[in-house]
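Chemist: The following file, work.txt, comprises compact mmCIF, C-alpha atoms:
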# COMPACT_ATOMS: atom_id res chain seq x y z
CA MET A 142 0.00 0.00 0.00
CA ALA A 143 1.43 3.33 -1.01
CA THR A 144 0.37 6.84 -1.88
CA ARG A 145 2.00 8.95 -4.56
CA ARG A 146 1.42 12.68 -4.26
CA LEU A 147 1.17 14.80 -7.39
CA ALA A 148 1.13 18.59 -7.50
CA PHE A 149 -0.83 20.39 -10.20
CA VAL A 150 0.54 23.93 -10.21
CA ILE A 151 -1.69 26.22 -12.25
CA ARG A 152 -0.15 29.43 -13.59
CA SER A 153 -2.35 29.92 -16.65
CA LEU A 154 -5.23 32.30 -17.04
CA PRO A 155 -8.69 30.74 -17.31
CA TYR A 156 -10.31 30.46 -20.76
CA LYS A 157 -7.26 31.73 -22.66
CA THR A 158 -6.00 28.17 -23.10
CA GLU A 159 -7.29 24.78 -21.98
CA ALA A 160 -4.44 24.40 -19.46
CA SER A 161 -6.12 25.23 -16.17
CA ARG A 162 -9.21 23.19 -17.03
CA LEU A 163 -6.99 20.22 -17.94
CA ALA A 164 -5.08 20.55 -14.69
CA LEU A 165 -8.31 20.36 -12.71
CA THR A 166 -9.87 17.55 -14.73
CA HIS A 167 -6.66 15.49 -14.47
CA ALA A 168 -6.52 16.13 -10.71
CA ILE A 169 -10.17 15.08 -10.37
CA ALA A 170 -9.39 11.88 -12.32
CA SER A 171 -7.43 10.74 -9.24
CA GLN A 172 -10.81 9.62 -7.88
CA THR A 173 -11.03 6.70 -10.30
CA VAL A 174 -7.34 5.82 -10.57
CA GLU A 175 -7.72 2.77 -8.30
CA ILE A 176 -9.04 0.69 -11.18
CA TYR A 177 -5.49 0.60 -12.56
CA LEU A 178 -3.65 0.12 -9.24
CA GLU A 179 -3.19 -2.56 -6.57
CA ASP A 180 -5.59 -2.53 -3.62
CA GLY A 181 -4.70 0.25 -1.20
CA ASP A 182 -2.48 2.18 -3.60
CA LEU A 183 -3.49 5.77 -4.21
CA VAL A 184 -2.59 8.86 -6.19
CA GLU A 185 -3.25 12.01 -4.19
CA PRO A 186 -3.30 15.35 -6.00
CA VAL A 187 -2.77 18.80 -4.58
CA VAL A 188 -3.87 21.75 -6.69
CA CYS A 189 -1.95 25.04 -6.34
CA PHE A 190 -2.85 28.34 -7.98
CA ILE A 191 -0.02 30.82 -8.42
CA GLY A 192 0.68 33.90 -10.57
CA ASP A 193 -2.00 34.57 -13.21
CA GLY A 194 -3.47 31.21 -12.23
CA VAL A 195 -5.20 32.72 -9.20
CA MET A 196 -7.70 34.26 -11.68
CA ASN A 197 -9.14 30.76 -12.13
CA CYS A 198 -10.46 30.99 -8.57
CA LEU A 199 -12.75 33.98 -9.13
CA LYS A 200 -16.44 33.46 -8.32
CA ASN A 201 -19.42 33.95 -10.60
CA GLN A 202 -17.80 32.73 -13.81
CA GLN A 203 -20.19 32.86 -16.77
CA ALA A 204 -18.60 30.27 -19.06
CA MET A 205 -21.88 28.47 -19.72
CA LYS A 206 -23.64 31.70 -20.61
CA ASN A 207 -20.85 33.04 -22.84
CA TYR A 208 -19.21 29.94 -24.28
CA GLY A 209 -21.67 27.13 -23.56
CA LEU A 210 -18.95 25.45 -21.48
CA THR A 211 -18.70 24.13 -17.95
CA SER A 212 -16.91 26.80 -15.94
CA ILE A 213 -13.55 26.47 -14.21
CA GLU A 214 -15.60 27.44 -11.13
CA GLN A 215 -17.57 24.21 -11.44
CA HIS A 216 -14.34 22.19 -11.72
CA MET A 217 -12.96 24.01 -8.66
CA LYS A 218 -16.11 23.12 -6.73
CA ASN A 219 -15.94 19.51 -7.88
CA SER A 220 -12.33 19.39 -6.65
CA LEU A 221 -13.40 20.64 -3.23
CA LEU A 222 -16.40 18.31 -3.18
CA LEU A 223 -13.94 15.44 -3.70
CA ASP A 224 -11.78 16.77 -0.82
CA LEU A 225 -8.80 17.66 -2.97
CA LYS A 226 -6.32 20.01 -1.32
CA VAL A 227 -6.55 23.39 -3.06
CA LEU A 228 -4.02 26.11 -2.25
CA ILE A 229 -4.17 29.70 -3.54
CA CYS A 230 -1.14 31.97 -3.34
CA LYS A 231 -1.74 34.93 -1.01
CA GLU A 232 0.97 37.19 -2.47
CA ASP A 233 -0.42 36.79 -5.99
CA LEU A 234 -3.95 37.58 -4.79
CA ASP A 235 -2.59 40.70 -3.07
CA LYS A 236 -0.74 41.66 -6.24
CA PHE A 237 -4.02 41.63 -8.19
CA GLY A 238 -6.00 43.19 -5.32
CA ILE A 239 -8.29 40.14 -5.11
CA LYS A 240 -10.02 39.67 -1.77
CA GLU A 241 -11.12 36.35 -0.30
CA ASP A 242 -14.82 37.16 -0.75
CA ALA A 243 -14.28 37.26 -4.54
CA LEU A 244 -12.98 33.69 -4.57
CA ILE A 245 -14.42 30.19 -4.77
CA MET A 246 -13.42 28.99 -1.32
CA ASP A 247 -15.85 26.10 -0.83
CA ALA A 248 -18.39 23.84 -2.47
CA GLU A 249 -21.03 24.03 0.24
CA ASP A 250 -23.80 24.58 -2.32
CA ILE A 251 -23.15 21.11 -3.76
CA GLY A 252 -22.48 19.41 -0.42
CA GLY A 253 -18.71 19.84 -0.16
CA GLU A 254 -16.99 20.17 3.21
CA THR A 255 -13.42 20.91 2.18
CA LYS A 256 -12.35 24.53 1.76
CA ALA A 257 -9.69 26.08 -0.43
CA GLN A 258 -6.81 27.64 1.50
CA ILE A 259 -5.16 30.99 0.87
CA VAL A 260 -1.54 30.51 1.87
CA PRO A 261 1.78 32.33 1.48
CA TYR A 262 3.93 31.18 -1.43
CA SER A 263 6.33 29.60 1.06
CA GLU A 264 3.60 27.05 1.93
CA ILE A 265 3.11 26.22 -1.75
CA GLN A 266 6.88 25.87 -2.12
CA LYS A 267 6.90 23.40 0.80
CA GLU A 268 4.11 21.44 -0.84
CA MET A 269 5.99 21.35 -4.15
CA GLU A 270 9.07 20.02 -2.36
CA ALA A 271 7.04 17.38 -0.52
CA VAL A 272 5.21 15.80 -3.47
CA ASP A 273 6.53 12.91 -5.55
CA HIS A 274 5.88 14.59 -8.90
CA LEU A 275 5.36 18.18 -9.90
CA GLN A 276 3.50 19.44 -12.96
CA PHE A 277 3.08 23.00 -14.18
CA PHE A 278 0.10 24.09 -16.24
CA MET B 260 16.44 1.08 -15.85
CA GLY B 261 13.70 3.52 -15.06
CA LYS B 262 10.22 4.41 -16.15
CA LEU B 263 9.24 7.82 -17.48
CA THR B 264 5.68 9.05 -17.71
CA ILE B 265 5.44 11.88 -20.22
CA GLY B 266 2.31 13.97 -20.68
CA CYS B 267 1.85 16.39 -23.54
CA PHE B 268 -1.09 18.65 -24.40
CA SER B 269 0.21 20.65 -27.37
CA SER B 270 -0.91 20.14 -30.93
CA LEU B 271 1.07 18.15 -33.49
CA VAL B 272 1.15 20.99 -35.97
CA GLY B 273 1.50 24.45 -34.47
CA SER B 274 3.90 23.54 -31.70
CA LEU B 275 7.14 21.59 -31.46
CA SER B 276 6.42 20.36 -27.94
CA LEU B 277 5.13 17.02 -29.22
CA ASP B 278 8.22 16.62 -31.40
CA PHE B 279 10.40 17.23 -28.37
CA ALA B 280 8.38 14.84 -26.19
CA VAL B 281 8.59 12.06 -28.80
CA LYS B 282 12.32 12.68 -29.33
CA LEU B 283 12.85 12.50 -25.58
CA SER B 284 10.89 9.24 -25.47
CA GLU B 285 13.03 7.86 -28.27
CA ALA B 286 16.23 8.79 -26.44
CA ALA B 287 14.96 7.26 -23.19
CA VAL B 288 13.93 4.00 -24.89
CA LYS B 289 17.30 3.79 -26.66
CA LYS B 290 18.96 4.02 -23.25
CA GLY B 291 16.83 1.11 -22.05
CA HIS B 292 14.18 3.00 -20.09
CA SER B 293 10.48 2.46 -20.58
CA VAL B 294 8.10 5.29 -21.41
CA ASP B 295 4.40 5.80 -20.84
CA PHE B 296 3.25 8.57 -23.14
CA TRP B 297 -0.02 10.42 -22.48
CA VAL B 298 -1.62 12.90 -24.85
CA SER B 299 -4.56 15.06 -23.94
CA SER B 300 -6.22 18.14 -25.42
CA ASN B 301 -4.86 19.12 -28.88
CA ALA B 302 -2.05 16.57 -28.56
CA THR B 303 -4.57 13.78 -29.23
CA MET B 304 -3.99 14.72 -32.89
CA LEU B 305 -0.80 12.68 -32.63
CA SER B 306 -2.84 9.50 -32.29
CA LYS B 307 -4.81 10.04 -35.50
CA LYS B 308 -4.08 7.58 -38.26
CA GLY B 309 -3.58 8.49 -41.90
CA GLN B 310 -1.29 11.44 -41.33
CA ARG B 311 0.60 12.53 -44.41
CA ALA B 312 4.21 13.60 -43.97
CA PHE B 313 5.24 16.94 -45.45
CA LYS B 314 8.63 18.49 -44.88
CA ASP B 315 7.06 21.71 -43.58
CA TYR B 316 5.02 20.04 -40.83
CA SER B 317 5.82 17.75 -37.94
CA ALA B 318 5.33 14.10 -38.86
CA LEU B 319 5.90 11.63 -36.07
CA ALA B 320 3.92 8.55 -37.13
CA LYS B 321 6.98 6.60 -38.32
CA THR B 322 8.92 7.32 -35.14
CA LEU B 323 5.93 6.25 -33.08
CA GLN B 324 5.61 2.95 -34.95
CA GLU B 325 9.30 2.29 -34.30
CA LEU B 326 8.83 3.11 -30.63
CA PHE B 327 5.81 0.81 -30.31
CA ALA B 328 7.87 -1.99 -31.88
CA THR B 329 10.45 -1.77 -29.08
CA GLY B 330 7.90 -2.97 -26.52
CA LYS B 331 9.22 -0.36 -24.10
CA PHE B 332 6.88 2.41 -25.16
CA GLN B 333 3.16 2.68 -24.68
CA ALA B 334 1.06 5.64 -25.72
CA THR B 335 -2.45 6.54 -24.70
CA ALA B 336 -4.73 9.30 -25.90
CA CYS B 337 -7.42 10.94 -23.79
CA GLU B 338 -10.59 9.42 -25.18
CA ALA B 339 -12.85 12.36 -24.38
CA CYS B 340 -10.36 14.87 -25.82
CA ALA B 341 -10.15 12.84 -29.03
CA GLU B 342 -13.91 12.35 -29.34
CA ALA B 343 -14.46 16.08 -28.72
CA ARG B 344 -12.21 16.73 -31.71
CA GLY B 345 -14.00 14.20 -33.88
CA TYR B 346 -11.40 11.40 -33.74
CA GLY B 347 -13.18 8.14 -33.08
CA LYS B 348 -11.64 4.82 -32.17
CA GLU B 349 -11.65 3.94 -35.87
CA ASP B 350 -9.45 6.96 -36.58
CA THR B 351 -6.76 5.91 -34.12
CA MET B 352 -3.31 4.83 -35.27
CA GLU B 353 -2.30 1.24 -34.59
CA GLY B 354 -0.52 0.78 -31.26
CA TRP B 355 -2.35 3.56 -29.44
CA LYS B 356 -4.68 3.04 -26.48
CA ARG B 357 -7.54 5.35 -25.59
CA HIS B 358 -8.50 5.88 -21.97
CA SER B 359 -9.70 8.54 -19.57
CA MET B 360 -7.35 10.76 -17.57
CA ASP B 361 -7.06 8.29 -14.69
CA TRP B 362 -4.76 6.17 -16.92
CA TYR B 363 -2.22 8.99 -16.82
CA LEU B 364 -2.46 9.38 -13.06
CA ALA B 365 -2.13 5.62 -12.59
CA SER B 366 0.98 5.65 -14.76
CA THR B 367 2.56 8.31 -12.56
CA PHE B 368 2.18 5.97 -9.59
CA SER B 369 5.00 3.71 -10.73
CA ALA B 370 7.01 6.31 -12.65
CA ASP B 371 10.51 7.28 -11.64
CA ARG B 372 10.03 10.64 -13.33
CA VAL B 373 6.92 12.46 -14.57
CA LEU B 374 7.39 15.13 -17.22
CA LEU B 375 4.59 17.34 -18.43
CA ILE B 376 5.77 18.86 -21.69
CA GLY B 377 3.68 21.47 -23.42
CA GLY B 378 1.04 21.95 -20.75
CA ASP B 379 -0.46 24.85 -22.68
Render the structure in this file as structure tokens.

Modeler:
Amino acid sequence: MATRRLAFVIRSLPYKTEASRLALTHAIASQTVEIYLEDGDLVEPVVCFIGDGVMNCLKNQQAMKNYGLTSIEQHMKNSLLLDLKVLICKEDLDKFGIKEDALIMDAEDIGGETKAQIVPYSEIQKEMEAVDHLQFF
Amino acid sequence: MGKLTIGCFSSLVGSLSLDFAVKLSEAAVKKGHSVDFWVSSNATMLSKKGQRAFKDYSALAKTLQELFATGKFQATACEACAEARGYGKEDTMEGWKRHSMDWYLASTFSADRVLLIGGD
């Protein structure tokens, strides 16, 4: 029995490319990975938003209305519903003047209990050093 | 010898990231390593059969066939990404698998190194 931890570090803006959506959908896919692994083995993702990537965490996204697409907001909420660890860089939020009340911090409306965490970059750095594999999107 | 899991999301034509990822796979296999190769998003184009090689555009089908023949290289395309782009199972090049994203995550479990190349 073992657990491999994977970091999905998102630096890309939402909707400009597919990158941030792919990062979230790949992280969410960890929920069904067991079908390929031995009993008890797990892949545990942590999702980190840094730089321009913090824009993905803004509330009230209108992707369905404007593009007919599921929003990054919905993927964020699904991540929290599935208890994925979601970290958002505090310094980058400050740089853009984004306050916590503008962010998707939980998925309570769909029954989620886990909350996103706003943390200093040093915490994200620690997480990146602690995981088995690191991926930048 | 080790195992590499390489993910790539960039398109076959329009970016050289796939070329680099396939070249890296080739170098790793030649050194005796095994490679799991995952394509998602626009990179699923790489798995489409019937590609015609022109000198002005990336053409990797022949290299891929040689890699498959080594037995140390397996490549999988994201099924949903391919279907969304109109590539059905019948359009897929011989040797390729098609799965959902959990295949990639499962491959990382036993990988010595995971490289995401062209995450854009």

Chemist: Using all atoms listed in the file, I'd like every residue of chain A that has an atom within 10 Å of chain B; please write them out as a ChimeraX atom specification.

Modeler: /A:143-147,151,153,157-161,163-164,166-178,182-186,273-278

Chemist: Quick one: of A:Asp242, A:Glu254, A:Glu232, A:Asp224, who's nearest to Phe190 (chain A), counting only C-alpha atoms?

Modeler: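 Looking at the shortest contact to Phe190 (chain A), the residue is A:Glu232.
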
Chemist: For Lys356 (chain B), which of B:Ala312, B:Cys337, B:Leu319, B:Leu263 is the closest residue, counting all atoms listed in the file?

Modeler: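 Nearest to Lys356 (chain B): B:Cys337.
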
Chemist: Which neighbours of Leu244 (chain A) fall inside 6 Å, counting all atoms listed in the file, when residues of the same chain fewer than 5 positions from it are skipped, and could you give them as a ChimeraX atom specification?

Modeler: /A:198-200

Chemist: Counting all atoms listed in the file, which of A:Leu225, A:Val187, A:Val260, A:Asn201 gets nearest to Ala243 (chain A)?

Modeler: A:Asn201

Chemist: Could you name the residues that touch Phe296 (chain B) at 10 Å or less, counting only C-alpha atoms, but leaving out those on the same chain fewer than 3 positions away, as a ChimeraX atom specification?

Modeler: /B:263-267,280-281,284,293,332-336,355,363,366,374

Chemist: With distances taken over all atoms listed in the file, which of A:Gly192, A:Pro261, A:Pro155, A:Gly181 is nearest to Lys231 (chain A)?

Modeler: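 Smallest distance to Lys231 (chain A) is found for A:Pro261.
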
Chemist: Between CA of Leu305 (chain B) and CA of Ser212 (chain A), what distance in Å does the model show, to one decimal?

Modeler: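 Between CA of Leu305 (chain B) and CA of Ser212 (chain A) the gap is 27.2 Å.
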
Chemist: Please compute the CA of His358 (chain B)-CA of Phe327 (chain B) distance, one decimal, in Å.

Modeler: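 That distance, rounded to one decimal, is 17.3 Å.
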
Chemist: Tell me, in Å to one decimal, how far CA of Glu249 (chain A) is from CA of Leu228 (chain A).

Modeler: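 Between CA of Glu249 (chain A) and CA of Leu228 (chain A) the gap works out to 17.3 Å.
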
Chemist: Name the residues within 10 Å of (13.7, 3.2, -24.7), counting all atoms listed in the file in the file's coordinates, and put them as a tab-separated table (two decimals) with C-alpha atoms, in the frame of the given file.

Modeler:
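Final output, saved to out.tsv:
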chain	number	residue	atom	x	y	z
B	260	MET	CA	16.44	1.08	-15.85
B	261	GLY	CA	13.70	3.52	-15.06
B	262	LYS	CA	10.22	4.41	-16.15
B	263	LEU	CA	9.24	7.82	-17.48
B	283	LEU	CA	12.85	12.50	-25.58
B	284	SER	CA	10.89	9.24	-25.47
B	285	GLU	CA	13.03	7.86	-28.27
B	286	ALA	CA	16.23	8.79	-26.44
B	287	ALA	CA	14.96	7.26	-23.19
B	288	VAL	CA	13.93	4.00	-24.89
B	289	LYS	CA	17.30	3.79	-26.66
B	290	LYS	CA	18.96	4.02	-23.25
B	291	GLY	CA	16.83	1.11	-22.05
B	292	HIS	CA	14.18	3.00	-20.09
B	293	SER	CA	10.48	2.46	-20.58
B	294	VAL	CA	8.10	5.29	-21.41
B	326	LEU	CA	8.83	3.11	-30.63
B	327	PHE	CA	5.81	0.81	-30.31
B	329	THR	CA	10.45	-1.77	-29.08
B	330	GLY	CA	7.90	-2.97	-26.52
B	331	LYS	CA	9.22	-0.36	-24.10
B	332	PHE	CA	6.88	2.41	-25.16

Chemist: Where atoms are missing, can you supply all heavy atoms for region 175-186 of chain A and output the lot as a PDB file, keeping the file's coordinate frame?

Modeler:
ATOM      1  N   GLU A 175      -7.882   4.081  -8.957  1.00  0.00           N
ATOM      2  CA  GLU A 175      -7.720   2.770  -8.300  1.00  0.00           C
ATOM      3  C   GLU A 175      -7.950   1.592  -9.238  1.00  0.00           C
ATOM      4  O   GLU A 175      -7.384   0.525  -9.027  1.00  0.00           O
ATOM      5  CB  GLU A 175      -8.667   2.622  -7.087  1.00  0.00           C
ATOM      6  CG  GLU A 175      -8.298   3.490  -5.921  1.00  0.00           C
ATOM      7  CD  GLU A 175      -9.039   4.815  -5.945  1.00  0.00           C
ATOM      8  OE1 GLU A 175      -9.489   5.237  -7.033  1.00  0.00           O
ATOM      9  OE2 GLU A 175      -9.168   5.426  -4.876  1.00  0.00           O
ATOM     10  N   ILE A 176      -8.762   1.817 -10.270  1.00  0.00           N
ATOM     11  CA  ILE A 176      -9.040   0.690 -11.180  1.00  0.00           C
ATOM     12  C   ILE A 176      -7.783   0.171 -11.855  1.00  0.00           C
ATOM     13  O   ILE A 176      -7.747  -0.953 -12.315  1.00  0.00           O
ATOM     14  CB  ILE A 176     -10.121   1.039 -12.240  1.00  0.00           C
ATOM     15  CG1 ILE A 176      -9.702   2.250 -13.063  1.00  0.00           C
ATOM     16  CG2 ILE A 176     -11.476   1.241 -11.605  1.00  0.00           C
ATOM     17  CD1 ILE A 176     -10.596   2.484 -14.280  1.00  0.00           C
ATOM     18  N   TYR A 177      -6.744   1.005 -11.911  1.00  0.00           N
ATOM     19  CA  TYR A 177      -5.490   0.600 -12.560  1.00  0.00           C
ATOM     20  C   TYR A 177      -4.432   0.146 -11.547  1.00  0.00           C
ATOM     21  O   TYR A 177      -3.363  -0.309 -11.949  1.00  0.00           O
ATOM     22  CB  TYR A 177      -4.893   1.766 -13.356  1.00  0.00           C
ATOM     23  CG  TYR A 177      -5.739   2.207 -14.523  1.00  0.00           C
ATOM     24  CD1 TYR A 177      -6.544   3.328 -14.448  1.00  0.00           C
ATOM     25  CD2 TYR A 177      -5.710   1.502 -15.725  1.00  0.00           C
ATOM     26  CE1 TYR A 177      -7.300   3.742 -15.530  1.00  0.00           C
ATOM     27  CE2 TYR A 177      -6.468   1.907 -16.808  1.00  0.00           C
ATOM     28  CZ  TYR A 177      -7.264   3.026 -16.702  1.00  0.00           C
ATOM     29  OH  TYR A 177      -8.013   3.433 -17.781  1.00  0.00           O
ATOM     30  N   LEU A 178      -4.693   0.342 -10.251  1.00  0.00           N
ATOM     31  CA  LEU A 178      -3.650   0.120  -9.240  1.00  0.00           C
ATOM     32  C   LEU A 178      -3.982  -1.084  -8.357  1.00  0.00           C
ATOM     33  O   LEU A 178      -5.090  -1.621  -8.396  1.00  0.00           O
ATOM     34  CB  LEU A 178      -3.518   1.370  -8.360  1.00  0.00           C
ATOM     35  CG  LEU A 178      -3.177   2.683  -9.089  1.00  0.00           C
ATOM     36  CD1 LEU A 178      -3.151   3.837  -8.096  1.00  0.00           C
ATOM     37  CD2 LEU A 178      -1.841   2.566  -9.802  1.00  0.00           C
ATOM     38  N   GLU A 179      -2.970  -1.490  -7.550  1.00  0.00           N
ATOM     39  CA  GLU A 179      -3.190  -2.560  -6.570  1.00  0.00           C
ATOM     40  C   GLU A 179      -4.071  -2.014  -5.451  1.00  0.00           C
ATOM     41  O   GLU A 179      -4.094  -0.807  -5.182  1.00  0.00           O
ATOM     42  CB  GLU A 179      -1.844  -2.989  -5.967  1.00  0.00           C
ATOM     43  CG  GLU A 179      -0.825  -3.511  -6.968  1.00  0.00           C
ATOM     44  CD  GLU A 179      -1.208  -4.857  -7.551  1.00  0.00           C
ATOM     45  OE1 GLU A 179      -1.861  -5.645  -6.826  1.00  0.00           O
ATOM     46  OE2 GLU A 179      -0.898  -5.113  -8.718  1.00  0.00           O
ATOM     47  N   ASP A 180      -4.737  -2.933  -4.746  1.00  0.00           N
ATOM     48  CA  ASP A 180      -5.590  -2.530  -3.620  1.00  0.00           C
ATOM     49  C   ASP A 180      -4.796  -1.691  -2.619  1.00  0.00           C
ATOM     50  O   ASP A 180      -3.701  -2.087  -2.219  1.00  0.00           O
ATOM     51  CB  ASP A 180      -6.148  -3.756  -2.902  1.00  0.00           C
ATOM     52  CG  ASP A 180      -7.332  -4.336  -3.648  1.00  0.00           C
ATOM     53  OD1 ASP A 180      -7.782  -3.707  -4.613  1.00  0.00           O
ATOM     54  OD2 ASP A 180      -7.782  -5.429  -3.252  1.00  0.00           O
ATOM     55  N   GLY A 181      -5.341  -0.577  -2.215  1.00  0.00           N
ATOM     56  CA  GLY A 181      -4.700   0.250  -1.200  1.00  0.00           C
ATOM     57  C   GLY A 181      -3.765   1.310  -1.749  1.00  0.00           C
ATOM     58  O   GLY A 181      -3.401   2.247  -1.044  1.00  0.00           O
ATOM     59  N   ASP A 182      -3.348   1.163  -3.003  1.00  0.00           N
ATOM     60  CA  ASP A 182      -2.480   2.180  -3.600  1.00  0.00           C
ATOM     61  C   ASP A 182      -3.320   3.377  -4.059  1.00  0.00           C
ATOM     62  O   ASP A 182      -4.437   3.202  -4.543  1.00  0.00           O
ATOM     63  CB  ASP A 182      -1.706   1.605  -4.796  1.00  0.00           C
ATOM     64  CG  ASP A 182      -0.629   0.632  -4.359  1.00  0.00           C
ATOM     65  OD1 ASP A 182      -0.280   0.647  -3.158  1.00  0.00           O
ATOM     66  OD2 ASP A 182      -0.151  -0.150  -5.195  1.00  0.00           O
ATOM     67  N   LEU A 183      -2.742   4.545  -3.900  1.00  0.00           N
ATOM     68  CA  LEU A 183      -3.490   5.770  -4.210  1.00  0.00           C
ATOM     69  C   LEU A 183      -2.610   6.796  -4.902  1.00  0.00           C
ATOM     70  O   LEU A 183      -1.393   6.817  -4.693  1.00  0.00           O
ATOM     71  CB  LEU A 183      -3.986   6.424  -2.905  1.00  0.00           C
ATOM     72  CG  LEU A 183      -5.087   5.744  -2.111  1.00  0.00           C
ATOM     73  CD1 LEU A 183      -5.259   6.455  -0.776  1.00  0.00           C
ATOM     74  CD2 LEU A 183      -6.398   5.770  -2.890  1.00  0.00           C
ATOM     75  N   VAL A 184      -3.245   7.659  -5.666  1.00  0.00           N
ATOM     76  CA  VAL A 184      -2.590   8.860  -6.190  1.00  0.00           C
ATOM     77  C   VAL A 184      -3.341  10.044  -5.600  1.00  0.00           C
ATOM     78  O   VAL A 184      -4.551  10.146  -5.760  1.00  0.00           O
ATOM     79  CB  VAL A 184      -2.616   8.903  -7.730  1.00  0.00           C
ATOM     80  CG1 VAL A 184      -2.070  10.228  -8.229  1.00  0.00           C
ATOM     81  CG2 VAL A 184      -1.810   7.754  -8.320  1.00  0.00           C
ATOM     82  N   GLU A 185      -2.595  10.892  -4.887  1.00  0.00           N
ATOM     83  CA  GLU A 185      -3.250  12.010  -4.190  1.00  0.00           C
ATOM     84  C   GLU A 185      -2.791  13.333  -4.788  1.00  0.00           C
ATOM     85  O   GLU A 185      -1.614  13.671  -4.689  1.00  0.00           O
ATOM     86  CB  GLU A 185      -2.855  11.935  -2.709  1.00  0.00           C
ATOM     87  CG  GLU A 185      -3.519  12.959  -1.841  1.00  0.00           C
ATOM     88  CD  GLU A 185      -2.989  12.872  -0.416  1.00  0.00           C
ATOM     89  OE1 GLU A 185      -3.157  11.833   0.238  1.00  0.00           O
ATOM     90  OE2 GLU A 185      -2.362  13.847   0.018  1.00  0.00           O
ATOM     91  N   PRO A 186      -3.700  14.066  -5.415  1.00  0.00           N
ATOM     92  CA  PRO A 186      -3.300  15.350  -6.000  1.00  0.00           C
ATOM     93  C   PRO A 186      -3.414  16.507  -5.015  1.00  0.00           C
ATOM     94  O   PRO A 186      -4.224  16.477  -4.091  1.00  0.00           O
ATOM     95  CB  PRO A 186      -4.316  15.523  -7.129  1.00  0.00           C
ATOM     96  CG  PRO A 186      -5.511  14.771  -6.694  1.00  0.00           C
ATOM     97  CD  PRO A 186      -5.095  13.740  -5.686  1.00  0.00           C
TER      98      PRO A 186
END
